[in-house]
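*Asks:* Before I ask anything, here is the structure I am working with.
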Amino acid sequence: MTEIEVLGSGREVGRSAILVSGKKRVMMDFGVKIEPEPPKYPPTEKVDAAIISHAHLDHVGAAPLLFKKGKHPIYMNDVTLELGSMLIKDSMKVARNEGFGTPFDKTDVKRMVKNTKIVRYNEKFNIGDFSCTLWDSGHIPGSSSILLDGRKKIFYTADIQSRPSNLLGACKLPDKVDILITESTYGTKNQAPRKSEEKRLLEAVEETIENNGVALMPVFAVGRAQEVMLILKEYADKIALDGMAKIASEIIGEYGSYIKNPNGFRALLKRVKFIRTNEERAAAIKKYPIIIASAGMLGGGPAVRYLKEMQSLKGSKVLFSGFLVEESPGKNLIETRVFENSEERFSVHADLQQIALSAHADRTGLMDIIRRTRPETVICVHGDKCDEFAKDIEKEFNIQVFAPKNGEKIKV
Ligand SMILES: [Zn+2]
């Protein structure tokens, strides 16, 4: 008997944690939900092994916690370890500054790194009687779907994109699985065609430059920052890059095998201005019409500082390009035109736009993934409307579909 327990990401976006128990207990992802504050963690479990799909905090951010209960291998690829440890260390700093702290410390992070086993895409490794492989999921550099092949073939999409982007190719899929655990971020929504959204972004930037304004793009450091720079490559000399997005970009340039055109990307990075000091930061909005800065949901980072400074300029824009979690400062700003965090509150006069450049498959893409993998059972996770999406899948494919809440167990 195999049991799948959703410990986090059940009917929510954030803190992904899925425990598969057969002869061994395998944790797939162990993330933190950072927005809205305070951060929320999945319950800690004793496991035999863990596998991390990719370097976003909602998938890796709580992984050090798993080492409070003992020593065991944790599998991921090299770029995920590098980017993931960077994000975890930064999140500890942020949590400390905001007074939340983290339920793990530096020793736990070190233990995690020491017990990491690096695996490449399609390289087989065994955990108990599961033969495991990572599949390129097309979401961010290094992102993986996870296949556990045992008595049943269990495929966890993690965050997945079925369409290629400027940075990455489309996801790769096995042609038949038994159980599909699918993300549901856009399970009930289709996205505007990618090309037309890229055009909207280019037009918005062009208009900003004509008006001598500033376009601020709050971005996720890993994945989105690099994709946006590639779309805006003709304007590379006019771009200032700030926050964690800088180190993330350098790491991604270094681990070039995970992206489509490593040489082109490295050349692009040389043309973009990396903001390193407070003096440069203070001068940036006068010198650079395009500012790409983390954090993507305006939960912190230099993006917030730029947003505040921009208020004195006419013809400015804030261009969001990623998923905004309910109640995050970014989402609230779009809805109310007021920015608010624990320290400050101000009205924003700039033109606010959302450009759909999602790194997640939309509804059509997710349905297509189900069609191609031909599962007998689907489990929907990582979405605000998992239950609605589950009903739609049931109708379309006439198969068994679950949308478990956190803590629910499914026997397969
Ligand atoms: Zn992600």
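Every chain in the structure tokens has a letter given in the order shown (A, B, ...), and although residue numbers restart at 1 in each chain, ligands are simply numbered from 1 in the order shown.
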Considering only C-alpha atoms, return as a ChimeraX atom specification whatever protein or nucleic-acid residues lie within 12 Å of Glu340 of chain A, sequence-local ones (same chain, fewer than 2 positions apart) excluded.

*Replies:* /A:297-300,304,307-308,327-338,342-348

*Asks:* Please identify all polymer residues within 12 Å of segment 187-200 of chain A, counting only C-alpha atoms, omitting same-chain residues fewer than 4 positions from it, and present them as a count of residues only.

*Replies:* 58

*Asks:* Which residues of chain A sit at most 8 Å from ligand 1, using only C-alpha atoms and all ligand atoms? Give each one's shortest atom pair and distance in Å (one decimal place), in chain and ascending residue order, as a tab-separated table.

*Replies:*
residue	atom	partner	partner_atom_place_in_ligand_line	distance
A:His54	CA	ligand 1	1 (Zn)	6.7
A:Ala55	CA	ligand 1	1 (Zn)	7.1
A:His56	CA	ligand 1	1 (Zn)	5.0
A:Leu57	CA	ligand 1	1 (Zn)	7.9
A:Asp58	CA	ligand 1	1 (Zn)	7.1
A:His59	CA	ligand 1	1 (Zn)	7.0
A:His139	CA	ligand 1	1 (Zn)	6.7
A:Ile140	CA	ligand 1	1 (Zn)	7.1
A:Ser143	CA	ligand 1	1 (Zn)	7.9
A:Ala158	CA	ligand 1	1 (Zn)	7.8
A:Asp159	CA	ligand 1	1 (Zn)	5.2
A:Ala359	CA	ligand 1	1 (Zn)	7.8

*Asks:* Would you please work out which residue, of A:Asp242, A:Tyr258, A:Asp90, A:Ile251, is nearest to Glu280 of chain A when using only C-alpha atoms?

*Replies:* A:Asp242

*Asks:* Produce a table with one row for each residue of segment 117-192 of chain A that has an atom at most 9 Å from any atom of segment 16-29 of chain A, each row naming the nearest atom pair and its distance in Å at one decimal; use only C-alpha atoms; arrange rows by chain and rising residue number; format as CSV.

*Replies:*
residue,atom,partner,partner_atom,distance
A:Ile127,CA,A:Lys24,CA,7.0
A:Gly128,CA,A:Lys24,CA,5.5
A:Asp129,CA,A:Lys23,CA,7.1
A:Phe130,CA,A:Gly22,CA,8.6
A:Ile146,CA,A:Met28,CA,8.0
A:Gly150,CA,A:Gly22,CA,8.9
A:Tyr156,CA,A:Met28,CA,8.3
A:Ala158,CA,A:Asp29,CA,8.4

*Asks:* Can you list, as a PDB file with N, CA and C atoms, in the first residue's frame, every protein, DNA or RNA residue that comes within 6 Å of Thr377 of chain A when you count only C-alpha atoms, leaving out same-chain residues fewer than 6 positions away?

*Replies:*
ATOM      1  N   ILE A 179      -0.520   7.662 -11.178  1.00  0.00           N
ATOM      2  CA  ILE A 179      -1.027   8.747 -10.343  1.00  0.00           C
ATOM      3  C   ILE A 179      -0.349  10.040 -10.769  1.00  0.00           C
ATOM      4  N   GLN A 400     -10.685   9.332 -11.535  1.00  0.00           N
ATOM      5  CA  GLN A 400     -10.768   9.710 -10.129  1.00  0.00           C
ATOM      6  C   GLN A 400      -9.874  10.937  -9.860  1.00  0.00           C
ATOM      7  N   VAL A 401     -10.443  11.982  -9.254  1.00  0.00           N
ATOM      8  CA  VAL A 401      -9.645  13.190  -8.987  1.00  0.00           C
ATOM      9  C   VAL A 401      -9.834  13.644  -7.537  1.00  0.00           C
TER      10      VAL A 401
END

*Asks:* If you run DSSP on the backbone, which residues of segment 200-354 of chain A are strand (DSSP E), as a CSV table (one decimal) with N, CA and C atoms, in the first residue's frame?

*Replies:*
chain,number,residue,atom,x,y,z
A,215,ALA,N,10.1,52.5,-15.5
A,215,ALA,CA,9.2,51.3,-15.4
A,215,ALA,C,9.9,50.4,-14.4
A,216,LEU,N,9.2,50.2,-13.3
A,216,LEU,CA,9.7,49.3,-12.3
A,216,LEU,C,9.0,47.9,-12.5
A,217,MET,N,9.9,46.9,-12.6
A,217,MET,CA,9.4,45.6,-12.7
A,217,MET,C,9.7,44.8,-11.4
A,218,PRO,N,8.8,44.6,-10.5
A,218,PRO,CA,9.1,43.7,-9.4
A,218,PRO,C,9.1,42.3,-9.8
A,239,ILE,N,18.7,49.0,-18.6
A,239,ILE,CA,18.2,48.2,-17.4
A,239,ILE,C,19.1,48.3,-16.2
A,240,ALA,N,18.5,48.5,-15.1
A,240,ALA,CA,19.2,48.4,-13.8
A,240,ALA,C,18.6,47.2,-13.1
A,241,LEU,N,19.5,46.3,-12.6
A,241,LEU,CA,19.0,45.1,-11.9
A,241,LEU,C,19.4,45.1,-10.5
A,242,ASP,N,18.5,44.8,-9.6
A,242,ASP,CA,18.8,44.9,-8.2
A,242,ASP,C,18.2,43.8,-7.3
A,273,LYS,N,23.1,46.9,-16.0
A,273,LYS,CA,23.7,47.6,-14.8
A,273,LYS,C,23.3,46.8,-13.5
A,274,PHE,N,24.3,46.2,-12.9
A,274,PHE,CA,24.0,45.6,-11.6
A,274,PHE,C,24.2,46.7,-10.5
A,290,ILE,N,14.5,51.5,-16.9
A,290,ILE,CA,13.9,50.2,-16.6
A,290,ILE,C,14.6,49.6,-15.4
A,291,ILE,N,13.8,49.4,-14.3
A,291,ILE,CA,14.4,48.8,-13.1
A,291,ILE,C,13.8,47.5,-12.8
A,292,ILE,N,14.6,46.4,-12.8
A,292,ILE,CA,14.1,45.1,-12.6
A,292,ILE,C,14.7,44.7,-11.2
A,293,ALA,N,13.8,44.5,-10.2
A,293,ALA,CA,14.2,44.3,-8.9
A,293,ALA,C,13.3,43.3,-8.1
A,317,LYS,N,5.7,53.6,-14.4
A,317,LYS,CA,4.8,52.4,-14.5
A,317,LYS,C,5.3,51.4,-13.5
A,318,VAL,N,4.4,50.6,-13.0
A,318,VAL,CA,4.8,49.4,-12.3
A,318,VAL,C,4.3,48.2,-13.1
A,319,LEU,N,5.2,47.4,-13.5
A,319,LEU,CA,4.8,46.3,-14.4
A,319,LEU,C,5.0,45.0,-13.7
A,320,PHE,N,3.9,44.4,-13.2
A,320,PHE,CA,4.0,43.1,-12.6
A,320,PHE,C,3.9,42.0,-13.7
A,338,VAL,N,-2.8,51.3,-3.0
A,338,VAL,CA,-2.1,51.7,-1.8
A,338,VAL,C,-1.1,50.6,-1.5
A,339,PHE,N,0.2,51.0,-1.3
A,339,PHE,CA,1.2,50.0,-0.9
A,339,PHE,C,1.2,50.0,0.7
A,340,GLU,N,1.3,48.8,1.2
A,340,GLU,CA,1.3,48.7,2.7
A,340,GLU,C,2.1,47.5,3.1
A,345,ARG,N,3.0,52.8,4.6
A,345,ARG,CA,1.8,52.8,3.8
A,345,ARG,C,1.8,54.1,3.0
A,346,PHE,N,1.7,53.9,1.7
A,346,PHE,CA,1.6,55.1,0.8
A,346,PHE,C,0.8,54.8,-0.5
A,347,SER,N,0.1,55.9,-1.0
A,347,SER,CA,-0.6,55.7,-2.3
A,347,SER,C,0.4,55.7,-3.4
A,351,ASP,N,1.2,54.2,-13.2
A,351,ASP,CA,0.3,53.3,-14.0
A,351,ASP,C,0.7,51.9,-13.6
A,352,LEU,N,-0.3,51.1,-13.2
A,352,LEU,CA,-0.1,49.7,-12.7
A,352,LEU,C,-0.6,48.7,-13.8
A,353,GLN,N,0.3,47.8,-14.2
A,353,GLN,CA,-0.1,46.8,-15.2
A,353,GLN,C,0.3,45.4,-14.8
A,354,GLN,N,-0.5,44.5,-15.2
A,354,GLN,CA,-0.1,43.1,-15.0
A,354,GLN,C,0.1,42.4,-16.4

*Asks:* Give me the residues near Ile410 of chain A as a compact mmCIF listing (two decimals) with C-alpha atoms, in the first residue's frame, where near means some atom within 7 Å (using only C-alpha atoms) and where sequence neighbours in that chain fewer than 2 positions away do not count.

*Replies:*
# COMPACT_ATOMS: atom_id res chain seq x y z
CA GLU A 3 -0.11 6.51 0.84
CA ILE A 4 0.15 10.11 -0.35
CA GLU A 5 -0.23 12.79 2.27
CA GLU A 408 -5.43 14.64 4.08
CA VAL A 412 -3.27 4.51 -3.92
